[in-house]
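Chemist: Shown below is the structure under consideration.
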Amino acid sequence: MKKVIISSVLIALVLLMSSCGSKSIQGTWKIDPSSLDLVLGAGFPEEMKKGVEEAKIEAKSEKAQKELDKITLELLEGGVAKLKHADHADETQEFNWKQNGNVLNLNGEIDGEKFNANLDILESSANEVKIGFTGESLLEQVKAERPELMEQIPSMFDVKKLVEGAKVSISMKKA
């Protein structure tokens, strides 16, 4: 369960992008699930929207907040990132980070899975960073970094319409 949660948090971070200034976001952060904003793509199937809405409610729940309060993301000097869970200090996930203006790059390997993702920084201050991404930018990154995943999408979906207009954002607060 803990690995699923840590992986989910990392995926959530990796799946976020858009734009901001070039102020460094180095520091220790906690995700604020109440700030989750998700807009589904124009071609997202109607029959699946209810499930997504339920997932959004669950992601913003008190239970999710309590679990995420145990998780920190440390963006350290020198480009090392550490994802930690208070209940599992012996299983810290370490990977790389780099900020180039309003783009945050996260890359490395978690549980044997390599990743390399660019996230846009939408807003940043000393105490809060809002990151997000568009469906179109996510699709381009998946095509570039993990093209084999494209083959797993059922043919009944028009992927371009599925992601058209989609966007996700979430905030992290200074720990």
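Convention: chains lettered A, B, ... in structure tokens order; per-chain residue numbering from 1; ligands numbered from 1 as shown.
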Which of chain A counts as strand (DSSP E or B) under DSSP, as a ChimeraX atom specification please?

Modeler: /A:27-39,71-75,80-85,93-100,103-110,113-124,128-134,167-174

Chemist: Enumerate, as a PyMOL selection string, the complete set of residues in region 128-171 of chain A that a backbone-based DSSP assignment places in helix (DSSP H, G or I).

Modeler: chain A and resi 135-145+147-150+159-163

Chemist: Show which residues sit within 8 Å of His85 (chain A), as a list in words. Count only C-alpha atoms, and ignore same-chain residues fewer than 3 positions away.

Modeler: Ile6, Lys70, Ile71, Thr72, His88, Ala89, Glu91 and Thr92 of chain A

Chemist: Can I get the selection written as a PDB file, in the first residue's frame, with all heavy atoms?

Modeler:
```pdb
ATOM      1  N   ILE A   6       3.228   6.154  -2.497  1.00  0.00           N
ATOM      2  CA  ILE A   6       4.408   6.924  -2.895  1.00  0.00           C
ATOM      3  C   ILE A   6       4.474   7.028  -4.413  1.00  0.00           C
ATOM      4  O   ILE A   6       4.697   8.095  -4.965  1.00  0.00           O
ATOM      5  CB  ILE A   6       5.700   6.314  -2.313  1.00  0.00           C
ATOM      6  CG1 ILE A   6       5.746   6.597  -0.807  1.00  0.00           C
ATOM      7  CG2 ILE A   6       6.931   6.887  -2.990  1.00  0.00           C
ATOM      8  CD1 ILE A   6       6.944   6.039  -0.094  1.00  0.00           C
ATOM      9  N   LYS A  70       1.906  12.678   5.577  1.00  0.00           N
ATOM     10  CA  LYS A  70       3.043  11.840   5.963  1.00  0.00           C
ATOM     11  C   LYS A  70       4.127  11.825   4.891  1.00  0.00           C
ATOM     12  O   LYS A  70       5.188  11.266   5.096  1.00  0.00           O
ATOM     13  CB  LYS A  70       2.577  10.404   6.195  1.00  0.00           C
ATOM     14  CG  LYS A  70       1.575  10.255   7.323  1.00  0.00           C
ATOM     15  CD  LYS A  70       1.123   8.809   7.411  1.00  0.00           C
ATOM     16  CE  LYS A  70       0.034   8.619   8.437  1.00  0.00           C
ATOM     17  NZ  LYS A  70      -0.428   7.216   8.477  1.00  0.00           N
ATOM     18  N   ILE A  71       3.838  12.424   3.739  1.00  0.00           N
ATOM     19  CA  ILE A  71       4.752  12.351   2.602  1.00  0.00           C
ATOM     20  C   ILE A  71       5.377  13.717   2.333  1.00  0.00           C
ATOM     21  O   ILE A  71       4.676  14.725   2.311  1.00  0.00           O
ATOM     22  CB  ILE A  71       4.007  11.849   1.348  1.00  0.00           C
ATOM     23  CG1 ILE A  71       3.476  10.440   1.598  1.00  0.00           C
ATOM     24  CG2 ILE A  71       4.909  11.881   0.120  1.00  0.00           C
ATOM     25  CD1 ILE A  71       2.541   9.923   0.533  1.00  0.00           C
ATOM     26  N   THR A  72       6.694  13.716   2.130  1.00  0.00           N
ATOM     27  CA  THR A  72       7.377  14.951   1.747  1.00  0.00           C
ATOM     28  C   THR A  72       8.191  14.706   0.482  1.00  0.00           C
ATOM     29  O   THR A  72       8.657  13.599   0.228  1.00  0.00           O
ATOM     30  CB  THR A  72       8.333  15.467   2.847  1.00  0.00           C
ATOM     31  OG1 THR A  72       9.291  14.456   3.158  1.00  0.00           O
ATOM     32  CG2 THR A  72       7.575  15.891   4.088  1.00  0.00           C
ATOM     33  N   HIS A  88       7.512   5.038   6.695  1.00  0.00           N
ATOM     34  CA  HIS A  88       8.424   4.110   6.017  1.00  0.00           C
ATOM     35  C   HIS A  88       9.743   4.808   5.691  1.00  0.00           C
ATOM     36  O   HIS A  88      10.164   4.850   4.538  1.00  0.00           O
ATOM     37  CB  HIS A  88       7.776   3.558   4.737  1.00  0.00           C
ATOM     38  CG  HIS A  88       6.455   2.930   4.986  1.00  0.00           C
ATOM     39  ND1 HIS A  88       6.331   1.649   5.462  1.00  0.00           N
ATOM     40  CD2 HIS A  88       5.198   3.414   4.853  1.00  0.00           C
ATOM     41  CE1 HIS A  88       5.052   1.366   5.605  1.00  0.00           C
ATOM     42  NE2 HIS A  88       4.342   2.408   5.250  1.00  0.00           N
ATOM     43  N   ALA A  89      10.400   5.322   6.703  1.00  0.00           N
ATOM     44  CA  ALA A  89      11.631   6.092   6.524  1.00  0.00           C
ATOM     45  C   ALA A  89      12.732   5.287   5.838  1.00  0.00           C
ATOM     46  O   ALA A  89      13.601   5.857   5.180  1.00  0.00           O
ATOM     47  CB  ALA A  89      12.122   6.615   7.865  1.00  0.00           C
ATOM     48  N   GLU A  91      12.416   3.432   3.307  1.00  0.00           N
ATOM     49  CA  GLU A  91      12.113   3.226   1.890  1.00  0.00           C
ATOM     50  C   GLU A  91      12.025   4.544   1.117  1.00  0.00           C
ATOM     51  O   GLU A  91      11.178   4.717   0.246  1.00  0.00           O
ATOM     52  CB  GLU A  91      10.812   2.441   1.746  1.00  0.00           C
ATOM     53  CG  GLU A  91      10.926   1.045   2.329  1.00  0.00           C
ATOM     54  CD  GLU A  91       9.675   0.232   2.148  1.00  0.00           C
ATOM     55  OE1 GLU A  91       8.909   0.509   1.202  1.00  0.00           O
ATOM     56  OE2 GLU A  91       9.460  -0.690   2.950  1.00  0.00           O
ATOM     57  N   THR A  92      12.901   5.467   1.399  1.00  0.00           N
ATOM     58  CA  THR A  92      12.943   6.741   0.691  1.00  0.00           C
ATOM     59  C   THR A  92      13.242   6.500  -0.785  1.00  0.00           C
ATOM     60  O   THR A  92      14.135   5.728  -1.124  1.00  0.00           O
ATOM     61  CB  THR A  92      14.011   7.660   1.310  1.00  0.00           C
ATOM     62  OG1 THR A  92      13.626   7.953   2.658  1.00  0.00           O
ATOM     63  CG2 THR A  92      14.174   8.953   0.525  1.00  0.00           C
TER      64      THR A  92
END
```

Chemist: Measuring between only C-alpha atoms, which one of A:Gly27, A:Gly101, A:Gly108, A:Pro33 shows the shortest distance to Leu75 (chain A)?

Modeler: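 So, comparing all the options, the nearest one is A:Gly27.
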